[in-house]
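First the structure, in the form of structure tokens, and then the observations on it.
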Amino acid sequence: MPALVLLGAQWGDEGKGKATDLLGGSVDYVVRYQGGNNAGHTVVVGDQKYALHLLPSGILSPGCTPVIGNGVVVDPAVLLSELSGLNARGIDTSKLLISGNAHLITPYHTTLDKVTERFLGKRKIGTTGRGIGPAYADKINRVGIRVQDIFDESILRQKVEAALDFKNQVLAKLYNRRAIAVEQVVEELLGYADQLSGFVADTTLLLNNAIDDGKVVLFEGGQGTLLDVDHGTYPFVTSSNPTAGGACTGTGVGPTKINRVIGILKAYTTRVGAGPFPTELLDEDGDKLRTIGGERGVTTGRDRRCGWFDAVIARYATRVNGLTDFFLTKLDVLTGWERIPVCVAYEIDGKRVDELPYSQTDFHHAKPIYETLPGWSEDITQAKSFDQLPKNAQKYVSALEEMSGAPISAIGVGPGRDETIQINSFL
Ligand code: GDP
Ligand code: IMO
Ligand code: MG
């Protein structure tokens with residue numbers, strides 16, 4: 001089983017960090033393929049808690065080589081501070097590899113992200129303010145700066161000039177902000193060259209060779225399926241492709257080399273930022289999920305919006321990613337509810353709809369049709385096998401599996417590495 005993708009099946013924060021870390025001990029490479037430090041992946045190892053943003057969660061497993069692929073946008077200041085934070089806690093980060101083709105997030109991207117959101121006012125996306133959208137926009141507009149550019153001062157200066165020519169007009173004339181000096185940006189980026197040079201590699205070649213040699217490669221998605229710029233709830237999405245195809249374009253590994261695609265699926269639903277969310281709960285059940293589930297953003301500290309499980313979304317994730325398995329997380333959070341509603345379909349303008357509507361208007365009008373399942377009150381955090389779960393928890397998992405279209409191969413019953421029920425092996 002040489003290559004597998006692990007990605008978010010909902011709107012992010014499904015528990016990808018924990019799932020990746022769990023597999024980290026058995027894989028040779030963990031590769032981020034898209035997104036940047038908008039991600040917040042929490043990993044709990046024993047009594048230690050780590051919040052990773054840009055680095056692949058495999059960095060915590062000593063035998064594993066963490067890789068930042070070409071599809072990621074890299075804020076070098078964040079990267080270095082994340083590395084030094086881990087070093088200070090005794091984690092060896094020297095094996096990290098970064099694609100020279102990955103694009104950089106510069107201070108002007110972060111500034112533009114924030115001023116654009118302010119400008120949008122009540123139409124804002126609710127971004128993480130990390131410069132993600134503007135950095136990807138420059139990549140697509142062909143005025144981006146890549147990691148490799150910081151090793152050639154003359155190219156770097158030309159590219160920063162080209163990027164700032166237009167942006168400074170926008171900043172000054174539209175947003176009434178001070179222009180950004182080319183020299184200041186060039187100096188800052190050149191200043192990272194020595195610290196980063198040892199990490200930069202031809203990661204595409206290396207990963208393909210690794211797969212051909214039978215090494216196990218795990219592609220770790222950031223964000224989630226519904227935040228995908230093509231397949232998500234556009235425009236309330238991130239600016240990259242967290243879906244499975246992104247693992248190919250974001251690393252240079254072809255689809256025929258990937259054998260397994262695991263969707264991380266929370267036993268209920270959360271979302272951060274603006275946009276439609278049919279099963280959102282604005283009542284005390286929503287507050288209870290938020291409190292018990294600890295649903296507060298790892299990156300921005302914002303409260304997450306919470307709602308019941310949505311099987312329409314899970315089915316959609318199975319379809320657009322070609323999921324082979326689900327990893328169901330946070331089942332323990334649902335302990336204590338007498339009855340648990342699950343959205344099985346939507347009602348849109350008086351009609352029942354079983355699949356995710358492709359029109360934005362319809363999705364905004366979608367009302368959940370619920371089926372209610374019996375809950376359980378027993379503590380499940382110590383359960384080590386499916387049989388050890390209370391009967392109603394087993395029924396809940398089986399019902400979700402049937403509705404979602406792929407087998408549930410693991411169940412999270414707590415944040416720790418060992419608080420997991422493994423049903424089928426991923427490797
Ligand atoms: P990610 O962005 O997908 O990596 O997810 P986050 O780390 O942002 O949010 C998931 C949160 O749930 C983290 O605080 C995890 O430690 C926690 N978590 C993961 N799996 C489980 C689980 O099965 N049960 C509980 N109670 N917490 C979990
Ligand atoms: P992880 O990897 C949840 C959301 C933001 C916003 C939208 C666009 O931890 O699951 P961006 O800054 O990317 O331009 O913001 O996407 N968003 C996330 N929501 N989890 C994430 O990452 C997210 N990364 C971005 O809240 O709505
Ligand atoms: Mg997160």
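FYI, nothing fancy with the structure tokens labels: chains A, B, ... in order, residues from 1 per chain, ligands from 1 as they appear.
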
ask   = What residues in stretch 191-420 of chain A get the DSSP label strand (DSSP E or B)? Please answer as a PyMOL selection string.
value = chain A and resi 200-201+217-220+260-266+269-271+280+296+303+305-307+309-310+325-329+339-348+351-353+367-374+408-412+416+420

task = Find the residues near ligand 3. Use a cut-off of 8 Å, count only C-alpha atoms and all ligand atoms, and write them as a list in words.
result = Gly12, Asp13, Glu14, Gly15, Lys16, Gly17, Ala39, Gly40, His41, Thr42, Gly222, Gln223, Gly297, Val298 and Thr299 of chain A

Expected file contents, prior selection, N, CA, C and O atoms, as a PDB file, in the first residue's frame:
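Produced file out_15.pdb, reproduced below:
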ATOM      1  N   GLY A  12     -13.481  21.140   7.268  1.00  0.00           N
ATOM      2  CA  GLY A  12     -12.222  21.284   8.004  1.00  0.00           C
ATOM      3  C   GLY A  12     -12.390  20.948   9.477  1.00  0.00           C
ATOM      4  O   GLY A  12     -13.514  20.721   9.968  1.00  0.00           O
ATOM      5  N   ASP A  13     -11.272  20.822  10.182  1.00  0.00           N
ATOM      6  CA  ASP A  13     -11.243  20.556  11.620  1.00  0.00           C
ATOM      7  C   ASP A  13     -11.904  19.240  11.999  1.00  0.00           C
ATOM      8  O   ASP A  13     -12.485  19.099  13.081  1.00  0.00           O
ATOM      9  N   GLU A  14     -11.802  18.266  11.111  1.00  0.00           N
ATOM     10  CA  GLU A  14     -12.425  16.964  11.377  1.00  0.00           C
ATOM     11  C   GLU A  14     -11.566  16.098  12.302  1.00  0.00           C
ATOM     12  O   GLU A  14     -12.036  15.072  12.813  1.00  0.00           O
ATOM     13  N   GLY A  15     -10.288  16.487  12.440  1.00  0.00           N
ATOM     14  CA  GLY A  15      -9.360  15.667  13.228  1.00  0.00           C
ATOM     15  C   GLY A  15      -8.282  15.055  12.339  1.00  0.00           C
ATOM     16  O   GLY A  15      -7.756  13.975  12.639  1.00  0.00           O
ATOM     17  N   LYS A  16      -7.949  15.770  11.251  1.00  0.00           N
ATOM     18  CA  LYS A  16      -6.948  15.253  10.309  1.00  0.00           C
ATOM     19  C   LYS A  16      -5.584  15.103  10.971  1.00  0.00           C
ATOM     20  O   LYS A  16      -4.859  14.154  10.713  1.00  0.00           O
ATOM     21  N   GLY A  17      -5.243  16.079  11.828  1.00  0.00           N
ATOM     22  CA  GLY A  17      -3.933  16.048  12.487  1.00  0.00           C
ATOM     23  C   GLY A  17      -3.770  14.794  13.311  1.00  0.00           C
ATOM     24  O   GLY A  17      -2.765  14.092  13.229  1.00  0.00           O
ATOM     25  N   ALA A  39      -4.342  26.251   8.050  1.00  0.00           N
ATOM     26  CA  ALA A  39      -4.679  25.017   8.742  1.00  0.00           C
ATOM     27  C   ALA A  39      -4.306  25.112  10.222  1.00  0.00           C
ATOM     28  O   ALA A  39      -3.375  25.818  10.595  1.00  0.00           O
ATOM     29  N   GLY A  40      -5.042  24.392  11.025  1.00  0.00           N
ATOM     30  CA  GLY A  40      -4.697  24.248  12.443  1.00  0.00           C
ATOM     31  C   GLY A  40      -4.950  22.800  12.788  1.00  0.00           C
ATOM     32  O   GLY A  40      -6.100  22.366  12.870  1.00  0.00           O
ATOM     33  N   HIS A  41      -3.888  22.012  12.902  1.00  0.00           N
ATOM     34  CA  HIS A  41      -4.029  20.575  13.159  1.00  0.00           C
ATOM     35  C   HIS A  41      -3.517  20.272  14.561  1.00  0.00           C
ATOM     36  O   HIS A  41      -2.346  20.485  14.868  1.00  0.00           O
ATOM     37  N   THR A  42      -4.402  19.781  15.398  1.00  0.00           N
ATOM     38  CA  THR A  42      -4.029  19.482  16.781  1.00  0.00           C
ATOM     39  C   THR A  42      -3.638  18.024  16.913  1.00  0.00           C
ATOM     40  O   THR A  42      -4.360  17.143  16.454  1.00  0.00           O
ATOM     41  N   GLY A 222      -5.134  19.741   4.061  1.00  0.00           N
ATOM     42  CA  GLY A 222      -5.589  20.784   4.989  1.00  0.00           C
ATOM     43  C   GLY A 222      -7.032  21.092   4.637  1.00  0.00           C
ATOM     44  O   GLY A 222      -7.559  20.610   3.627  1.00  0.00           O
ATOM     45  N   GLN A 223      -7.713  21.865   5.472  1.00  0.00           N
ATOM     46  CA  GLN A 223      -9.108  22.267   5.223  1.00  0.00           C
ATOM     47  C   GLN A 223      -9.998  21.036   4.964  1.00  0.00           C
ATOM     48  O   GLN A 223      -9.767  20.008   5.565  1.00  0.00           O
ATOM     49  N   GLY A 297     -11.379  27.452  17.072  1.00  0.00           N
ATOM     50  CA  GLY A 297     -10.331  27.356  16.055  1.00  0.00           C
ATOM     51  C   GLY A 297      -8.919  27.333  16.623  1.00  0.00           C
ATOM     52  O   GLY A 297      -8.600  28.094  17.532  1.00  0.00           O
ATOM     53  N   VAL A 298      -8.091  26.448  16.061  1.00  0.00           N
ATOM     54  CA  VAL A 298      -6.692  26.324  16.483  1.00  0.00           C
ATOM     55  C   VAL A 298      -5.865  27.481  15.909  1.00  0.00           C
ATOM     56  O   VAL A 298      -4.868  27.890  16.482  1.00  0.00           O
ATOM     57  N   THR A 299      -6.295  28.006  14.761  1.00  0.00           N
ATOM     58  CA  THR A 299      -5.517  29.046  14.088  1.00  0.00           C
ATOM     59  C   THR A 299      -5.952  30.435  14.518  1.00  0.00           C
ATOM     60  O   THR A 299      -5.135  31.281  14.866  1.00  0.00           O
TER      61      THR A 299
END

task = Please provide the set of residues having any atom within 7 Å of A:Cys306, restricted to only C-alpha atoms, with same-chain residues fewer than 4 positions apart removed, written as a ChimeraX atom specification.
result = /A:269-271,280-281,286,289-290

key: Residue set, stretch 194-408 of chain A restricted to alpha helix (DSSP H), as number ranges by chain   = A: 194-197, 203-212, 244-249, 284-293, 311-321, 360-365, 391-404

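With only C-alpha atoms as the atoms that count, the residue of A:Gly221, A:Pro407, A:Tyr316, A:Leu331 with the shortest distance to A:Leu389 is A:Leu331.
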
Report as a tab-separated table the residues of stretch 37-67 of chain A within 12 Å of stretch 195-215 of chain A, each with its shortest atom pair and distance in Å (one decimal), using only C-alpha atoms, ordered by chain and increasing residue number.
residue	atom	partner	partner_atom	distance
A:Cys64	CA	A:Lys215	CA	10.8
A:Thr65	CA	A:Leu207	CA	10.6
A:Pro66	CA	A:Phe199	CA	10.4
A:Val67	CA	A:Thr203	CA	7.5

query = Leaving out A:Lys330 and any residue of its chain fewer than 2 positions from it, which residues lie within 7 Å of it when counting only C-alpha atoms, given as a ChimeraX atom specification?
reply = /A:266-267,332-333,412-414

task = For A:Arg89, work out the shell of residues within 12 Å, counting only C-alpha atoms and skipping chain neighbours fewer than 5 positions away, then give it as a count of residues only.
result = 7

ask   = Interatomic distance between atom CA of A:Thr116 and atom CA of A:Thr251?
value =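 The value is 29.6 Å.
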
query = So what do you get for atom CA of A:Val72 versus atom 7 (C, counted along the ligand's line) of ligand 2, distance-wise?
reply =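 Computing the Euclidean distance for atom CA of A:Val72 and atom 7 (C, counted along the ligand's line) of ligand 2 yields 15.6 Å.
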